[in-house]
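Trainee: To be precise about what I am sending: the file is called upload.cif and holds mmCIF, C-alpha atoms.
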data_input
loop_
_atom_site.group_PDB
_atom_site.id
_atom_site.type_symbol
_atom_site.label_atom_id
_atom_site.label_comp_id
_atom_site.auth_asym_id
_atom_site.auth_seq_id
_atom_site.Cartn_x
_atom_site.Cartn_y
_atom_site.Cartn_z
ATOM 1 C CA MET A 673 119.615 125.277 86.400
ATOM 2 C CA GLY A 674 122.854 123.394 86.796
ATOM 3 C CA ILE A 675 125.910 123.610 84.616
ATOM 4 C CA THR A 676 124.654 120.692 82.600
ATOM 5 C CA SER A 677 121.471 122.267 81.328
ATOM 6 C CA ASP A 678 122.955 122.881 77.890
ATOM 7 C CA LEU A 679 123.575 119.159 77.420
ATOM 8 C CA SER A 680 120.047 118.390 76.302
ATOM 9 C CA ILE A 681 120.388 119.416 72.700
ATOM 10 C CA PRO A 682 117.149 120.195 70.927
ATOM 11 C CA SER A 683 117.549 117.567 68.228
ATOM 12 C CA TYR A 684 116.890 114.781 70.761
ATOM 13 C CA SER A 685 113.942 116.344 72.521
ATOM 14 C CA GLY A 686 111.419 114.864 70.110
ATOM 15 C CA ALA A 687 113.400 111.721 69.302
ATOM 16 C CA SER A 688 111.893 108.277 69.860
ATOM 17 C CA ASP A 689 113.284 106.028 72.569
ATOM 18 C CA ASP A 690 114.629 103.736 69.836
ATOM 19 C CA THR A 691 116.629 106.578 68.320
ATOM 20 C CA LEU A 692 118.003 107.415 71.747
ATOM 21 C CA LEU A 693 118.853 103.780 72.367
ATOM 22 C CA ASP A 694 120.897 103.590 69.164
ATOM 23 C CA ALA A 695 122.697 106.816 70.004
ATOM 24 C CA LEU A 696 123.333 105.587 73.528
ATOM 25 C CA ARG A 697 124.902 102.400 72.216
ATOM 26 C CA GLY A 698 127.309 104.653 70.380
ATOM 27 C CA GLY A 699 128.152 106.323 73.694
ATOM 28 C CA ASP A 700 126.264 109.545 73.008
ATOM 29 C CA GLU A 701 125.982 111.551 76.211
ATOM 30 C CA HIS A 702 123.225 113.787 74.829
ATOM 31 C CA ALA A 703 121.062 110.720 74.300
ATOM 32 C CA PHE A 704 121.655 109.646 77.890
ATOM 33 C CA SER A 705 120.882 113.124 79.113
ATOM 34 C CA GLU A 706 117.594 113.129 77.214
ATOM 35 C CA LEU A 707 116.610 109.761 78.703
ATOM 36 C CA VAL A 708 117.399 111.063 82.168
ATOM 37 C CA HIS A 709 115.249 114.082 81.412
ATOM 38 C CA ARG A 710 112.389 111.820 80.334
ATOM 39 C CA TYR A 711 112.472 109.133 82.979
ATOM 40 C CA HIS A 712 114.468 109.984 86.050
ATOM 41 C CA ALA A 713 111.697 111.772 87.957
ATOM 42 C CA THR A 714 109.324 108.900 87.236
ATOM 43 C CA LEU A 715 111.920 106.306 88.216
ATOM 44 C CA VAL A 716 112.342 108.042 91.548
ATOM 45 C CA ARG A 717 108.589 108.208 92.157
ATOM 46 C CA VAL A 718 108.125 104.528 91.335
ATOM 47 C CA ALA A 719 111.123 103.598 93.473
ATOM 48 C CA MET A 720 109.564 105.631 96.298
ATOM 49 C CA ALA A 721 106.489 103.450 96.058
ATOM 50 C CA TYR A 722 108.698 100.476 96.922
ATOM 51 C CA VAL A 723 111.303 101.758 99.292
ATOM 52 C CA GLY A 724 109.497 104.590 101.038
ATOM 53 C CA SER A 725 112.217 107.168 101.448
ATOM 54 C CA ARG A 726 113.313 109.766 98.935
ATOM 55 C CA ASP A 727 117.044 109.177 99.508
ATOM 56 C CA ARG A 728 116.784 105.462 99.022
ATOM 57 C CA ALA A 729 114.611 106.000 95.957
ATOM 58 C CA GLU A 730 117.279 108.236 94.406
ATOM 59 C CA ASP A 731 119.905 105.549 95.054
ATOM 60 C CA VAL A 732 117.713 102.838 93.570
ATOM 61 C CA ALA A 733 117.017 104.969 90.488
ATOM 62 C CA GLN A 734 120.734 105.570 90.056
ATOM 63 C CA GLU A 735 121.391 101.823 90.280
ATOM 64 C CA ALA A 736 118.748 101.315 87.611
ATOM 65 C CA TRP A 737 120.523 103.697 85.215
ATOM 66 C CA LEU A 738 123.760 101.888 85.816
ATOM 67 C CA GLY A 739 122.014 98.555 85.253
ATOM 68 C CA MET A 740 120.646 99.868 81.985
ATOM 69 C CA LEU A 741 124.054 101.015 80.782
ATOM 70 C CA ARG A 742 125.628 97.690 81.725
ATOM 71 C CA GLY A 743 122.906 95.709 80.001
ATOM 72 C CA ILE A 744 122.564 97.778 76.891
ATOM 73 C CA GLY A 745 124.811 95.496 74.845
ATOM 74 C CA GLN A 746 122.508 92.539 75.549
ATOM 75 C CA PHE A 747 119.185 94.350 75.274
ATOM 76 C CA ALA A 748 117.382 92.743 72.346
ATOM 77 C CA GLY A 749 114.522 95.209 72.144
ATOM 78 C CA ARG A 750 111.759 92.679 72.730
ATOM 79 C CA SER A 751 110.100 95.141 75.078
ATOM 80 C CA SER A 752 110.185 98.911 74.876
ATOM 81 C CA LEU A 753 113.173 100.716 76.325
ATOM 82 C CA ARG A 754 110.879 102.226 78.944
ATOM 83 C CA THR A 755 109.478 98.869 80.059
ATOM 84 C CA TRP A 756 112.968 97.416 80.208
ATOM 85 C CA LEU A 757 114.342 100.350 82.203
ATOM 86 C CA PHE A 758 111.520 100.140 84.735
ATOM 87 C CA ARG A 759 111.948 96.379 85.059
ATOM 88 C CA ILE A 760 115.547 97.000 85.977
ATOM 89 C CA LEU A 761 114.372 99.598 88.472
ATOM 90 C CA ILE A 762 111.979 97.144 90.079
ATOM 91 C CA ASN A 763 114.727 94.525 90.338
ATOM 92 C CA CYS A 764 116.945 97.091 92.019
ATOM 93 C CA ALA A 765 114.084 98.068 94.366
ATOM 94 C CA HIS A 766 113.510 94.396 95.240
ATOM 95 C CA ALA A 767 117.190 93.918 95.936
ATOM 96 C CA ASP A 768 117.162 96.999 98.126
ATOM 97 C CA CYS A 769 114.108 95.759 100.039
ATOM 98 C CA GLN A 770 115.650 92.317 100.448
ATOM 99 C CA ARG A 771 118.823 93.795 101.859
ATOM 100 C CA ARG A 772 116.527 95.356 104.425
ATOM 101 C CA GLY A 773 114.639 92.158 105.030
ATOM 102 C CA ARG A 774 111.352 92.819 103.327
ATOM 103 C CA ALA A 775 110.443 91.637 99.853
ATOM 104 C CA ILE A 776 107.514 92.522 97.631
ATOM 105 C CA VAL A 777 106.844 90.056 94.873
ATOM 106 C CA PHE A 778 104.239 90.839 92.269
ATOM 107 C CA ALA A 779 104.531 87.454 90.593
ATOM 108 C CA ASP A 780 103.149 85.811 93.742
ATOM 109 C CA LEU A 781 99.942 87.733 93.489
ATOM 110 C CA ARG A 782 97.529 84.805 93.356
ATOM 111 C CA ASP A 783 94.947 86.256 95.604
ATOM 112 C CA ASP A 784 94.768 89.593 97.239
ATOM 113 C CA THR A 785 93.055 88.753 100.480
ATOM 114 C CA ASP A 786 96.068 90.186 102.250
ATOM 115 C CA GLU A 787 95.435 93.542 100.643
ATOM 116 C CA GLY A 788 93.301 94.889 103.416
ATOM 117 C CA ASP A 789 89.742 94.804 104.611
ATOM 118 C CA ALA A 790 86.549 95.840 102.874
ATOM 119 C CA ILE A 791 87.536 98.739 100.667
ATOM 120 C CA ILE A 792 84.491 100.839 101.357
ATOM 121 C CA GLU A 793 82.878 100.921 104.772
ATOM 122 C CA PRO A 794 80.045 98.369 104.730
ATOM 123 C CA ASP A 795 77.894 100.586 106.940
ATOM 124 C CA ARG A 796 77.675 103.120 104.151
ATOM 125 C CA PHE A 797 75.015 100.818 102.655
ATOM 126 C CA HIS A 798 71.684 99.527 103.954
ATOM 127 C CA PRO A 799 72.013 95.966 105.284
ATOM 128 C CA ALA A 800 70.542 92.822 103.765
ATOM 129 C CA GLY A 801 66.824 92.555 104.457
ATOM 130 C CA HIS A 802 66.355 96.298 104.303
ATOM 131 C CA ARG A 803 64.023 97.582 101.631
ATOM 132 C CA TRP A 804 66.983 99.400 100.098
ATOM 133 C CA ALA A 805 69.561 96.712 100.829
ATOM 134 C CA ASP A 806 72.963 97.503 99.274
ATOM 135 C CA HIS A 807 71.977 101.050 98.407
ATOM 136 C CA TRP A 808 73.567 104.045 100.118
ATOM 137 C CA SER A 809 72.571 104.681 103.716
ATOM 138 C CA ILE A 810 75.298 107.304 104.166
ATOM 139 C CA PRO A 811 75.724 108.673 100.657
ATOM 140 C CA PRO A 812 78.744 110.657 99.519
ATOM 141 C CA GLN A 813 78.416 114.441 99.768
ATOM 142 C CA GLU A 814 79.629 116.632 96.941
ATOM 143 C CA TRP A 815 83.098 117.992 97.565
ATOM 144 C CA PRO A 816 83.468 121.751 97.963
ATOM 145 C CA GLU A 817 85.186 122.963 94.818
ATOM 146 C CA ALA A 818 87.233 125.664 96.521
ATOM 147 C CA ARG A 819 88.850 123.180 98.888
ATOM 148 C CA MET A 820 89.790 120.894 96.007
ATOM 149 C CA LEU A 821 92.136 123.553 94.692
ATOM 150 C CA SER A 822 94.047 123.990 97.926
ATOM 151 C CA ALA A 823 97.692 123.040 97.985
ATOM 152 C CA GLU A 824 97.002 120.872 100.984
ATOM 153 C CA ILE A 825 95.090 118.370 98.854
ATOM 154 C CA GLY A 826 98.367 117.231 97.295
ATOM 155 C CA ASP A 827 99.811 116.553 100.741
ATOM 156 C CA ARG A 828 96.714 114.558 101.695
ATOM 157 C CA LEU A 829 97.063 112.459 98.553
ATOM 158 C CA ILE A 830 100.707 111.719 99.231
ATOM 159 C CA GLU A 831 99.847 110.811 102.798
ATOM 160 C CA ALA A 832 97.020 108.541 101.649
ATOM 161 C CA MET A 833 99.343 106.799 99.191
ATOM 162 C CA ARG A 834 101.902 106.240 101.893
ATOM 163 C CA HIS A 835 99.414 104.114 103.782
ATOM 164 C CA LEU A 836 98.534 101.842 100.866
ATOM 165 C CA PRO A 837 99.955 98.322 100.594
ATOM 166 C CA GLU A 838 103.060 98.433 98.344
ATOM 167 C CA ARG A 839 101.565 96.741 95.307
ATOM 168 C CA GLN A 840 98.607 99.079 95.270
ATOM 169 C CA ARG A 841 100.906 102.043 95.663
ATOM 170 C CA VAL A 842 103.124 100.972 92.759
ATOM 171 C CA ILE A 843 100.181 100.451 90.426
ATOM 172 C CA LEU A 844 98.504 103.688 91.450
ATOM 173 C CA THR A 845 101.748 105.572 90.881
ATOM 174 C CA LEU A 846 102.265 104.134 87.415
ATOM 175 C CA ARG A 847 98.662 104.364 86.336
ATOM 176 C CA ASP A 848 97.235 107.533 87.824
ATOM 177 C CA VAL A 849 100.260 109.641 88.712
ATOM 178 C CA GLU A 850 102.342 108.756 85.660
ATOM 179 C CA GLY A 851 99.465 107.922 83.346
ATOM 180 C CA TRP A 852 100.893 104.712 81.877
ATOM 181 C CA PRO A 853 98.584 102.388 79.931
ATOM 182 C CA GLN A 854 97.397 99.374 81.883
ATOM 183 C CA HIS A 855 98.847 96.791 79.471
ATOM 184 C CA GLU A 856 102.337 98.217 79.810
ATOM 185 C CA ILE A 857 102.097 98.137 83.603
ATOM 186 C CA CYS A 858 100.959 94.517 83.465
ATOM 187 C CA GLU A 859 103.786 93.580 81.125
ATOM 188 C CA MET A 860 106.309 95.267 83.347
ATOM 189 C CA LEU A 861 105.053 93.788 86.611
ATOM 190 C CA GLY A 862 104.183 90.412 85.131
ATOM 191 C CA ILE A 863 100.593 90.421 86.397
ATOM 192 C CA SER A 864 97.235 89.938 84.694
ATOM 193 C CA GLU A 865 94.960 92.819 83.773
ATOM 194 C CA ALA A 866 92.368 91.447 86.193
ATOM 195 C CA ASN A 867 94.809 91.524 89.103
ATOM 196 C CA ALA A 868 96.028 94.954 88.163
ATOM 197 C CA ARG A 869 92.465 96.239 88.086
ATOM 198 C CA VAL A 870 91.681 94.820 91.524
ATOM 199 C CA LEU A 871 94.745 96.509 92.994
ATOM 200 C CA LEU A 872 94.105 99.773 91.188
ATOM 201 C CA HIS A 873 90.483 99.769 92.281
ATOM 202 C CA ARG A 874 91.366 99.239 95.917
ATOM 203 C CA ALA A 875 94.008 101.907 95.786
ATOM 204 C CA ARG A 876 91.720 104.489 94.189
ATOM 205 C CA THR A 877 88.861 103.648 96.524
ATOM 206 C CA GLN A 878 91.097 104.065 99.540
ATOM 207 C CA VAL A 879 92.533 107.360 98.338
ATOM 208 C CA ARG A 880 89.038 108.714 97.600
ATOM 209 C CA ARG A 881 87.979 107.676 101.076
ATOM 210 C CA GLU A 882 90.921 109.512 102.631
ATOM 211 C CA LEU A 883 90.068 112.648 100.662
ATOM 212 C CA GLU A 884 86.466 112.349 101.778
ATOM 213 C CA ARG A 885 87.530 112.081 105.409
ATOM 214 C CA TYR A 886 89.871 115.014 105.074
ATOM 215 C CA LEU A 887 87.283 117.216 103.382
ATOM 216 C CA ALA A 888 84.576 116.318 105.911
ATOM 217 C CA ARG A 889 86.962 117.106 108.751
ATOM 218 C CA SER A 890 88.087 120.400 107.307
ATOM 219 C CA GLU A 891 84.483 121.392 106.515
ATOM 220 C CA GLU A 892 83.673 121.017 110.204
ATOM 221 C CA GLU A 893 86.691 123.074 111.165
ATOM 222 C CA PHE A 894 85.870 125.794 108.677
ATOM 223 C CA ARG A 895 82.276 126.072 109.738
ATOM 224 C CA PRO A 896 81.817 129.372 111.619
ATOM 225 C CA MET B 962 73.498 87.115 87.565
ATOM 226 C CA ILE B 963 70.309 88.047 85.780
ATOM 227 C CA PRO B 964 71.322 90.515 83.063
ATOM 228 C CA ASP B 965 68.335 92.767 83.490
ATOM 229 C CA GLU B 966 68.472 92.869 87.246
ATOM 230 C CA GLU B 967 68.931 96.372 88.596
ATOM 231 C CA MET B 968 72.364 97.225 89.877
ATOM 232 C CA THR B 969 72.752 98.166 93.527
ATOM 233 C CA CYS B 970 74.843 101.092 94.741
ATOM 234 C CA ARG B 971 77.259 98.708 96.408
ATOM 235 C CA GLU B 972 77.725 96.826 93.164
ATOM 236 C CA LEU B 973 78.256 100.020 91.205
ATOM 237 C CA VAL B 974 80.910 101.198 93.641
ATOM 238 C CA GLU B 975 82.788 97.929 93.080
ATOM 239 C CA LEU B 976 82.670 98.344 89.304
ATOM 240 C CA VAL B 977 83.763 101.973 89.044
ATOM 241 C CA THR B 978 87.340 101.248 88.003
ATOM 242 C CA ALA B 979 86.264 98.695 85.430
ATOM 243 C CA TYR B 980 83.748 101.221 84.105
ATOM 244 C CA LEU B 981 86.323 104.007 83.826
ATOM 245 C CA ASP B 982 88.777 101.605 82.142
ATOM 246 C CA ASP B 983 86.165 100.458 79.668
ATOM 247 C CA GLY B 984 86.447 96.981 81.132
ATOM 248 C CA LEU B 985 82.759 96.153 81.602
ATOM 249 C CA THR B 986 80.787 93.785 79.415
ATOM 250 C CA ALA B 987 78.074 95.401 77.338
ATOM 251 C CA SER B 988 75.320 94.228 79.671
ATOM 252 C CA GLU B 989 77.193 95.348 82.792
ATOM 253 C CA ARG B 990 77.731 98.715 81.206
ATOM 254 C CA THR B 991 74.055 99.071 80.392
ATOM 255 C CA ARG B 992 73.092 98.215 83.974
ATOM 256 C CA PHE B 993 75.784 100.536 85.332
ATOM 257 C CA GLU B 994 74.575 103.468 83.258
ATOM 258 C CA ALA B 995 70.932 102.734 83.966
ATOM 259 C CA HIS B 996 71.696 102.889 87.679
ATOM 260 C CA LEU B 997 73.582 106.165 87.274
ATOM 261 C CA GLN B 998 70.563 107.709 85.560
ATOM 262 C CA GLU B 999 68.464 106.948 88.609
ATOM 263 C CA CYS B 1000 70.911 107.545 91.423
ATOM 264 C CA PRO B 1001 72.339 111.002 92.181
ATOM 265 C CA TYR B 1002 74.504 109.577 94.988
ATOM 266 C CA CYS B 1003 76.301 107.217 92.667
ATOM 267 C CA ARG B 1004 76.797 110.079 90.214
ATOM 268 C CA VAL B 1005 78.530 111.984 93.017
ATOM 269 C CA TYR B 1006 80.608 108.906 93.819
ATOM 270 C CA LEU B 1007 81.693 108.405 90.210
ATOM 271 C CA GLU B 1008 82.561 112.090 89.916
ATOM 272 C CA GLN B 1009 84.670 111.870 93.077
ATOM 273 C CA MET B 1010 86.585 108.919 91.667
ATOM 274 C CA ARG B 1011 87.260 110.951 88.529
ATOM 275 C CA GLN B 1012 88.391 113.903 90.653
ATOM 276 C CA THR B 1013 90.654 111.641 92.680
ATOM 277 C CA ILE B 1014 92.305 110.333 89.505
ATOM 278 C CA LEU B 1015 92.761 113.854 88.133
ATOM 279 C CA LEU B 1016 94.288 115.058 91.393
ATOM 280 C CA LEU B 1017 96.676 112.103 91.466
ATOM 281 C CA GLY B 1018 97.835 113.083 87.974
ATOM 282 C CA GLU B 1019 98.753 116.500 89.310
ATOM 283 C CA LEU B 1020 101.322 114.955 91.650
ATOM 284 C CA ARG B 1021 103.479 114.353 88.624
ATOM 285 C CA GLU B 1022 106.266 116.887 88.377
ATOM 286 C CA ASP B 1023 109.276 116.556 86.206
ATOM 287 C CA GLU B 1024 111.632 118.951 87.897
ATOM 288 C CA LEU B 1025 114.971 117.268 87.836
ATOM 289 C CA ASP B 1026 117.300 117.951 90.700
ATOM 290 C CA PRO B 1027 120.476 119.358 89.053
ATOM 291 C CA VAL B 1028 122.630 117.523 91.592
ATOM 292 C CA ALA B 1029 121.033 114.197 90.715
ATOM 293 C CA ARG B 1030 121.461 115.000 87.043
ATOM 294 C CA ASP B 1031 125.148 115.803 87.431
ATOM 295 C CA GLU B 1032 125.687 112.597 89.370
ATOM 296 C CA LEU B 1033 124.027 110.586 86.625
ATOM 297 C CA LEU B 1034 126.152 112.218 83.962
ATOM 298 C CA ARG B 1035 129.239 111.360 85.978
ATOM 299 C CA LEU B 1036 127.985 107.799 86.167
ATOM 300 C CA PHE B 1037 127.584 107.792 82.408
ATOM 301 C CA ARG B 1038 131.076 109.130 81.782
ATOM 302 C CA ASP B 1039 132.579 106.503 84.100
ATOM 303 C CA TRP B 1040 130.680 103.785 82.311
ATOM 304 C CA LYS B 1041 131.749 105.090 78.927
ATOM 305 C CA SER B 1042 135.426 105.378 79.781
ATOM 306 C CA ARG B 1043 135.441 101.877 81.319
ATOM 307 C CA ASN B 1044 133.642 100.536 78.284
ATOM 308 C CA GLN B 1045 136.094 102.068 75.859
ATOM 309 C CA ARG B 1046 139.000 100.502 77.664
ATOM 310 C CA LEU B 1047 137.520 97.053 77.161
ATOM 311 C CA PRO B 1048 139.046 95.017 74.326
ATOM 312 C CA THR B 1049 136.677 94.792 71.390
#
Since I need it in another form, could you write the structure as structure tokens?
Mentor:
Amino acid sequence: MGITSDLSIPSYSGASDDTLLDALRGGDEHAFSELVHRYHATLVRVAMAYVGSRDRAEDVAQEAWLGMLRGIGQFAGRSSLRTWLFRILINCAHADCQRRGRAIVFADLRDDTDEGDAIIEPDRFHPAGHRWADHWSIPPQEWPEARMLSAEIGDRLIEAMRHLPERQRVILTLRDVEGWPQHEICEMLGISEANARVLLHRARTQVRRELERYLARSEEEFRP
Amino acid sequence: MIPDEEMTCRELVELVTAYLDDGLTASERTRFEAHLQECPYCRVYLEQMRQTILLLGELREDELDPVARDELLRLFRDWKSRNQRLPT
């Protein structure tokens, strides 16, 4: 633990974000420290989903904190502090991406045909005309429980997420890694629930598929 | 779509997220669950989606790098001292 570990005084640990916001407006460092404790790791993970590298994500998260402090006088509280903070983060991530010549804009999500090919291999199902058309021809095999507990699974997941299109990665991070409710994600990103579900579905399907491939491969390798 | 028509595996696979999010209509849900009753493969698939979601949740770790924390507190102190110098 660093020298600052005593700064998070217990009285704020169960405080609501609104309480912390009021204290922060009064310049209370403990309130800031508690917010950092609550959100910094998540900010960095979400920033990673946009910018790719850990170092850049840390910088973007730091910019977001600064943006929050600068804007706190004008913040009217129409959204939650958390939503507002993450909106600032996303603006900072966009700015960072633009400086590097690539922009990701959620608001332009009118269709998602650019989000990749068929999400599950079509040849996993019997073709049209077959007696069992659109039913499994290559069904999923149960995953070996012991291998699910291996530390390597986490690495496979991270690797699978790295290969997702950005918007899918951001939604998957917020929804399944961080466990945010869908409506808050939609409010923050300015997209409809239907769009969010399409992206989330593709992301989850792809990650499951990568796990399946990994487990099938490692099963073969582990076979005596 | 005919409401009573049996769901195919391919269709079920496309509706898994909506099912898990409680986003299906009542009739879709009935067809989805009726298919699951009959199809062990789709039960495996649904279970794997649940496992995937659970495993993703385990990537969350809240360890805060003390260096990052110190930097942020410095940022805060700078902001505060600049702010206090501003005329009110």
Trainee: Dump as a ChimeraX atom specification the residues of chain B that approach chain A to within 10 Å, counting only C-alpha atoms.
Mentor: /B:968-979,982,984,1000-1006,1008-1034,1036-1038,1040-1042,1044-1045
Trainee: Selected residues, C-alpha atoms, written as a compact mmCIF listing (two decimals), in the coordinates of the input, please.
Mentor:
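Result file follows (selection36.txt):
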# COMPACT_ATOMS: atom_id res chain seq x y z
CA MET B 968 72.36 97.22 89.88
CA THR B 969 72.75 98.17 93.53
CA CYS B 970 74.84 101.09 94.74
CA ARG B 971 77.26 98.71 96.41
CA GLU B 972 77.72 96.83 93.16
CA LEU B 973 78.26 100.02 91.20
CA VAL B 974 80.91 101.20 93.64
CA GLU B 975 82.79 97.93 93.08
CA LEU B 976 82.67 98.34 89.30
CA VAL B 977 83.76 101.97 89.04
CA THR B 978 87.34 101.25 88.00
CA ALA B 979 86.26 98.70 85.43
CA ASP B 982 88.78 101.60 82.14
CA GLY B 984 86.45 96.98 81.13
CA CYS B 1000 70.91 107.54 91.42
CA PRO B 1001 72.34 111.00 92.18
CA TYR B 1002 74.50 109.58 94.99
CA CYS B 1003 76.30 107.22 92.67
CA ARG B 1004 76.80 110.08 90.21
CA VAL B 1005 78.53 111.98 93.02
CA TYR B 1006 80.61 108.91 93.82
CA GLU B 1008 82.56 112.09 89.92
CA GLN B 1009 84.67 111.87 93.08
CA MET B 1010 86.58 108.92 91.67
CA ARG B 1011 87.26 110.95 88.53
CA GLN B 1012 88.39 113.90 90.65
CA THR B 1013 90.65 111.64 92.68
CA ILE B 1014 92.30 110.33 89.50
CA LEU B 1015 92.76 113.85 88.13
CA LEU B 1016 94.29 115.06 91.39
CA LEU B 1017 96.68 112.10 91.47
CA GLY B 1018 97.84 113.08 87.97
CA GLU B 1019 98.75 116.50 89.31
CA LEU B 1020 101.32 114.96 91.65
CA ARG B 1021 103.48 114.35 88.62
CA GLU B 1022 106.27 116.89 88.38
CA ASP B 1023 109.28 116.56 86.21
CA GLU B 1024 111.63 118.95 87.90
CA LEU B 1025 114.97 117.27 87.84
CA ASP B 1026 117.30 117.95 90.70
CA PRO B 1027 120.48 119.36 89.05
CA VAL B 1028 122.63 117.52 91.59
CA ALA B 1029 121.03 114.20 90.72
CA ARG B 1030 121.46 115.00 87.04
CA ASP B 1031 125.15 115.80 87.43
CA GLU B 1032 125.69 112.60 89.37
CA LEU B 1033 124.03 110.59 86.62
CA LEU B 1034 126.15 112.22 83.96
CA LEU B 1036 127.98 107.80 86.17
CA PHE B 1037 127.58 107.79 82.41
CA ARG B 1038 131.08 109.13 81.78
CA TRP B 1040 130.68 103.78 82.31
CA LYS B 1041 131.75 105.09 78.93
CA SER B 1042 135.43 105.38 79.78
CA ASN B 1044 133.64 100.54 78.28
CA GLN B 1045 136.09 102.07 75.86
Trainee: What is the atom CA of A:His835 to atom CA of A:Gln878 distance in Å?
Mentor: 9.3 Å
Trainee: Please compute the atom CA of A:Trp852-atom CA of A:Thr755 distance, one decimal, in Å.
Mentor: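 Rounded to one decimal, the two atoms are 10.5 Å apart.
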Trainee: Give the answer as one residue: which of B:Asp1039, B:Phe993, B:Ala987, B:Glu967 has the shortest atom-to-atom distance to B:Leu1007, using all atoms listed in the file?
Mentor: B:Phe993
Trainee: Here's the selection I'm unsure about, the PyMOL selection byres ((chain A and resi 765) around 9); applied to the file above, which residues does it give, as a list of chain:residue names?
Mentor: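 The output of the PyMOL selection byres ((chain A and resi 765) around 9) on this file is A:Ala719, A:Tyr722, A:Val723, A:Ala729, A:Val732, A:Ala733, A:Ala736, A:Ile760, A:Leu761, A:Ile762, A:Asn763, A:Cys764, A:His766, A:Ala767, A:Asp768, A:Cys769, A:Gln770.
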Trainee: So which residues touch A:Ser683 within 12 Å, counting only C-alpha atoms, skipping near sequence neighbours fewer than 3 positions away, as a VMD selection string?
Mentor: chain A and resid 679 to 680 686 to 688 691 to 692 702 to 703 706
Trainee: Could you write those residues out with C-alpha atoms, as a CSV table (one decimal), in the frame of the given file?
Mentor:
chain,number,residue,atom,x,y,z
A,679,LEU,CA,123.6,119.2,77.4
A,680,SER,CA,120.0,118.4,76.3
A,686,GLY,CA,111.4,114.9,70.1
A,687,ALA,CA,113.4,111.7,69.3
A,688,SER,CA,111.9,108.3,69.9
A,691,THR,CA,116.6,106.6,68.3
A,692,LEU,CA,118.0,107.4,71.7
A,702,HIS,CA,123.2,113.8,74.8
A,703,ALA,CA,121.1,110.7,74.3
A,706,GLU,CA,117.6,113.1,77.2
Trainee: Give me the box for stretch 1023-1041 of chain B as AutoDock Vina command-line options, namely the centre and edge lengths in Å to one decimal of a box along x, y and z that holds every listed atom plus 6 Å on each side.
Mentor:
--center_x 120.9 --center_y 111.6 --center_z 85.3 --size_x 35.3 --size_y 27.6 --size_z 24.7
Trainee: Can you tell me, as a ChimeraX atom specification, what residues are no more than 7 Å from stretch 836-842 of chain A when counting only C-alpha atoms, ignoring any on the same chain fewer than 4 positions away?
Mentor: /A:718,721-722,787,832,846,871-872,875
